[in-house]
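Have a look at the structure below, then the notes.
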Amino acid sequence: MHRAETAFAGLLVLLALVLFQQALQLPIGWTSSGPGSGFFPFWLTIGVAFHAVLILVRTVRAPAPPGRAAPFIPSDAWRPLLIVFLPMVAVIALLRYLGIYLGGAIYLAGYMIFVGRQHLPLPKGILLEYLLYGR
């Protein structure tokens, strides 16, 4: 776990440096219409960099765990992780065809039904009642 935290914190620091460089290419000060377009990315990057350095310092200073470290993802956590992750990958792969609204709706509906065990009793409206049930 110690190596994973250190590697992730180092990756976050590098990402923050790249984003910081990109944010500085936009105006970060006050413009005639309010804050510049780089204001939010600049301060968000500062926050990410600060906390990434904080995590990096804490993990480097922490003593190494004795013996064999626990796995980053326990073996019993893979199934729930894949149940959520694989449909998300499928929706992202089909995003060009489904669009963000339909793809997001399908993902959320599937998540509610299969993971949350919640069914969706949505109102059907007059037209759909007529087409489906002839009423």
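Order determines the names: the first chain of the structure tokens is A, the second B, and so forth; residues in each chain are numbered 1 upward, and ligands are numbered 1 upward as they are shown.
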Would you mind listing what lies within 8 Å of stretch 38-41 of chain A as a list of chain:residue names, with only C-alpha atoms counted and same-chain residues fewer than 4 positions away left out?
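That gives A:Leu19, A:Phe20, A:Ala23, A:Leu24, A:Gln25, A:Leu26, A:Pro27, A:Ile28, A:Gly29, A:Thr45.
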Atoms kept (C-alpha atoms) for selection, written as a short mmCIF file (atom, residue, chain, number, x, y, z; two decimals), in the first residue's frame:
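The new file part.cif reads:
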data_model
loop_
_atom_site.label_atom_id
_atom_site.label_comp_id
_atom_site.auth_asym_id
_atom_site.auth_seq_id
_atom_site.Cartn_x
_atom_site.Cartn_y
_atom_site.Cartn_z
CA LEU A 19 -2.26 21.49 -15.48
CA PHE A 20 -0.60 24.47 -13.77
CA ALA A 23 -3.76 27.22 -16.56
CA LEU A 24 -1.10 29.93 -16.76
CA GLN A 25 -1.73 30.26 -20.49
CA LEU A 26 -5.20 31.64 -19.68
CA PRO A 27 -5.99 34.90 -17.90
CA ILE A 28 -6.22 34.15 -14.18
CA GLY A 29 -6.86 37.71 -12.98
CA THR A 45 -4.42 23.08 -9.68
#
Selection: 8 Å around stretch 61-72 of chain A, only C-alpha atoms, excl. self and same-chain fewer than 2 positions, as a list in words
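The filter keeps Met1, His2, Ala4, Val57, Arg58, Thr59 and Pro74 of chain A.
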Kindly export the residues of the current selection with N, CA and C atoms, as a PDB file, in the first residue's frame.
ATOM      1  N   MET A   1       0.823  -1.191   0.000  1.00  0.00           N
ATOM      2  CA  MET A   1       0.000   0.000   0.000  1.00  0.00           C
ATOM      3  C   MET A   1       0.868   1.256   0.000  1.00  0.00           C
ATOM      4  N   HIS A   2       1.999   1.162   0.683  1.00  0.00           N
ATOM      5  CA  HIS A   2       2.887   2.305   0.797  1.00  0.00           C
ATOM      6  C   HIS A   2       3.386   2.753  -0.583  1.00  0.00           C
ATOM      7  N   ALA A   4       1.936   2.159  -3.487  1.00  0.00           N
ATOM      8  CA  ALA A   4       0.816   2.651  -4.295  1.00  0.00           C
ATOM      9  C   ALA A   4       0.496   4.100  -3.933  1.00  0.00           C
ATOM     10  N   VAL A  57       4.569  13.649   1.107  1.00  0.00           N
ATOM     11  CA  VAL A  57       5.397  13.810   2.305  1.00  0.00           C
ATOM     12  C   VAL A  57       4.960  12.834   3.393  1.00  0.00           C
ATOM     13  N   ARG A  58       3.666  12.694   3.601  1.00  0.00           N
ATOM     14  CA  ARG A  58       3.170  11.775   4.643  1.00  0.00           C
ATOM     15  C   ARG A  58       3.532  10.319   4.339  1.00  0.00           C
ATOM     16  N   THR A  59       3.434   9.922   3.081  1.00  0.00           N
ATOM     17  CA  THR A  59       3.745   8.524   2.767  1.00  0.00           C
ATOM     18  C   THR A  59       5.236   8.251   2.819  1.00  0.00           C
ATOM     19  N   PRO A  74      -8.547  -5.563  -2.337  1.00  0.00           N
ATOM     20  CA  PRO A  74      -8.734  -6.916  -1.789  1.00  0.00           C
ATOM     21  C   PRO A  74      -9.458  -7.821  -2.793  1.00  0.00           C
TER      22      PRO A  74
END
When you count only C-alpha atoms, which of these residues is closest to A:Val89: A:Phe50, A:Phe8, A:Tyr107, A:Tyr101?
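When distances to A:Val89 are compared using only C-alpha atoms, the smallest one comes from A:Tyr107.
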So which one's closest to A:Val60, A:Gly10, A:Gly116, A:Gly110, A:Gly36? Using only C-alpha atoms, please.
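Of A:Gly10, A:Gly116, A:Gly110, A:Gly36, the one nearest A:Val60 is A:Gly10, counting only C-alpha atoms.
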So, counting only C-alpha atoms, which residue among A:Leu44, A:Leu98, A:Leu56, A:Val115 is closest to A:Arg3?
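Checking each candidate against A:Arg3, we get A:Leu56 as the closest.
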Step one, run DSSP on the backbone; step two, keep only residues of stretch 22-74 of chain A assigned to strand (DSSP E); then write them as an MDAnalysis selection string.
chainID A and resid 30:31 34:35
If you measure from atom CA of A:Pro80 to atom CA of A:Gly103, what distance in Å do you get, rounded to one decimal?
20.7 Å
Could you name the residues that touch A:Ala9 at 7 Å or less, counting only C-alpha atoms, but leaving out those on the same chain fewer than 5 positions away, as an MDAnalysis selection string?
chainID A and resid 52:53 55:56
Print the selection's residues with N, CA and C atoms to a file, as a PDB file, in the first residue's frame.
ATOM      1  N   ALA A  52      -1.375  16.895  -3.059  1.00  0.00           N
ATOM      2  CA  ALA A  52      -0.542  15.806  -3.566  1.00  0.00           C
ATOM      3  C   ALA A  52       0.822  15.812  -2.882  1.00  0.00           C
ATOM      4  N   VAL A  53       1.399  17.005  -2.701  1.00  0.00           N
ATOM      5  CA  VAL A  53       2.675  17.096  -1.984  1.00  0.00           C
ATOM      6  C   VAL A  53       2.491  16.674  -0.537  1.00  0.00           C
ATOM      7  N   ILE A  55       0.306  14.488   0.640  1.00  0.00           N
ATOM      8  CA  ILE A  55       0.207  13.022   0.646  1.00  0.00           C
ATOM      9  C   ILE A  55       1.574  12.396   0.416  1.00  0.00           C
ATOM     10  N   LEU A  56       2.337  12.956  -0.507  1.00  0.00           N
ATOM     11  CA  LEU A  56       3.662  12.430  -0.798  1.00  0.00           C
ATOM     12  C   LEU A  56       4.575  12.510   0.427  1.00  0.00           C
TER      13      LEU A  56
END
Can you tell me, as number ranges by chain, what residues are no more than 12 Å from A:Gly104 when counting only C-alpha atoms, ignoring any on the same chain fewer than 3 positions away?
A: 87-92, 94-95, 98-101, 107-111
Taking N, CA and C atoms for each residue, export the selection above as an mmCIF file, in the first residue's frame.
data_model
loop_
_atom_site.group_PDB
_atom_site.id
_atom_site.type_symbol
_atom_site.label_atom_id
_atom_site.label_comp_id
_atom_site.auth_asym_id
_atom_site.auth_seq_id
_atom_site.Cartn_x
_atom_site.Cartn_y
_atom_site.Cartn_z
ATOM 1 N N PRO A 87 -19.746 -1.717 -17.129
ATOM 2 C CA PRO A 87 -20.807 -1.006 -17.847
ATOM 3 C C PRO A 87 -20.456 0.451 -18.145
ATOM 4 N N MET A 88 -19.678 1.064 -17.251
ATOM 5 C CA MET A 88 -19.254 2.435 -17.503
ATOM 6 C C MET A 88 -18.339 2.497 -18.727
ATOM 7 N N VAL A 89 -17.444 1.542 -18.856
ATOM 8 C CA VAL A 89 -16.568 1.477 -20.027
ATOM 9 C C VAL A 89 -17.405 1.257 -21.284
ATOM 10 N N ALA A 90 -18.420 0.407 -21.200
ATOM 11 C CA ALA A 90 -19.283 0.147 -22.357
ATOM 12 C C ALA A 90 -20.037 1.401 -22.776
ATOM 13 N N VAL A 91 -20.557 2.133 -21.813
ATOM 14 C CA VAL A 91 -21.287 3.363 -22.139
ATOM 15 C C VAL A 91 -20.341 4.387 -22.753
ATOM 16 N N ILE A 92 -19.127 4.493 -22.220
ATOM 17 C CA ILE A 92 -18.158 5.430 -22.786
ATOM 18 C C ILE A 92 -17.788 5.018 -24.203
ATOM 19 N N LEU A 94 -19.692 3.504 -26.296
ATOM 20 C CA LEU A 94 -20.855 3.757 -27.157
ATOM 21 C C LEU A 94 -21.336 5.194 -27.102
ATOM 22 N N LEU A 95 -20.577 6.061 -26.468
ATOM 23 C CA LEU A 95 -21.000 7.449 -26.267
ATOM 24 C C LEU A 95 -21.243 8.181 -27.580
ATOM 25 N N LEU A 98 -24.758 6.769 -28.559
ATOM 26 C CA LEU A 98 -25.849 6.997 -27.611
ATOM 27 C C LEU A 98 -25.986 8.455 -27.204
ATOM 28 N N GLY A 99 -24.879 9.175 -27.150
ATOM 29 C CA GLY A 99 -24.886 10.526 -26.621
ATOM 30 C C GLY A 99 -24.787 10.470 -25.103
ATOM 31 N N ILE A 100 -24.481 11.609 -24.509
ATOM 32 C CA ILE A 100 -24.259 11.639 -23.066
ATOM 33 C C ILE A 100 -25.562 11.472 -22.288
ATOM 34 N N TYR A 101 -26.653 11.993 -22.805
ATOM 35 C CA TYR A 101 -27.911 11.914 -22.059
ATOM 36 C C TYR A 101 -28.472 10.493 -22.043
ATOM 37 N N TYR A 107 -26.937 3.977 -18.113
ATOM 38 C CA TYR A 107 -26.013 3.560 -17.051
ATOM 39 C C TYR A 107 -26.665 3.698 -15.676
ATOM 40 N N LEU A 108 -27.280 4.842 -15.429
ATOM 41 C CA LEU A 108 -27.908 5.053 -14.115
ATOM 42 C C LEU A 108 -29.075 4.099 -13.883
ATOM 43 N N ALA A 109 -29.871 3.860 -14.917
ATOM 44 C CA ALA A 109 -30.986 2.925 -14.767
ATOM 45 C C ALA A 109 -30.467 1.513 -14.483
ATOM 46 N N GLY A 110 -29.442 1.092 -15.209
ATOM 47 C CA GLY A 110 -28.854 -0.216 -14.960
ATOM 48 C C GLY A 110 -28.244 -0.310 -13.576
ATOM 49 N N TYR A 111 -27.588 0.753 -13.145
ATOM 50 C CA TYR A 111 -26.994 0.769 -11.805
ATOM 51 C C TYR A 111 -28.073 0.653 -10.736
#
All helix (DSSP H, G or I) residues (DSSP, backbone) inside chain A, as a PyMOL selection string
chain A and resi 2-23+39-61+75-93+95-115+125-133
Computed interatomic separation between atom CA of A:Ala16 and atom CA of A:Val48 (Å)
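Result for atom CA of A:Ala16 versus atom CA of A:Val48: 6.3 Å, one decimal.
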Gap from atom CA of A:Pro35 to atom CA of A:Leu17 - Å, one decimal
21.7 Å
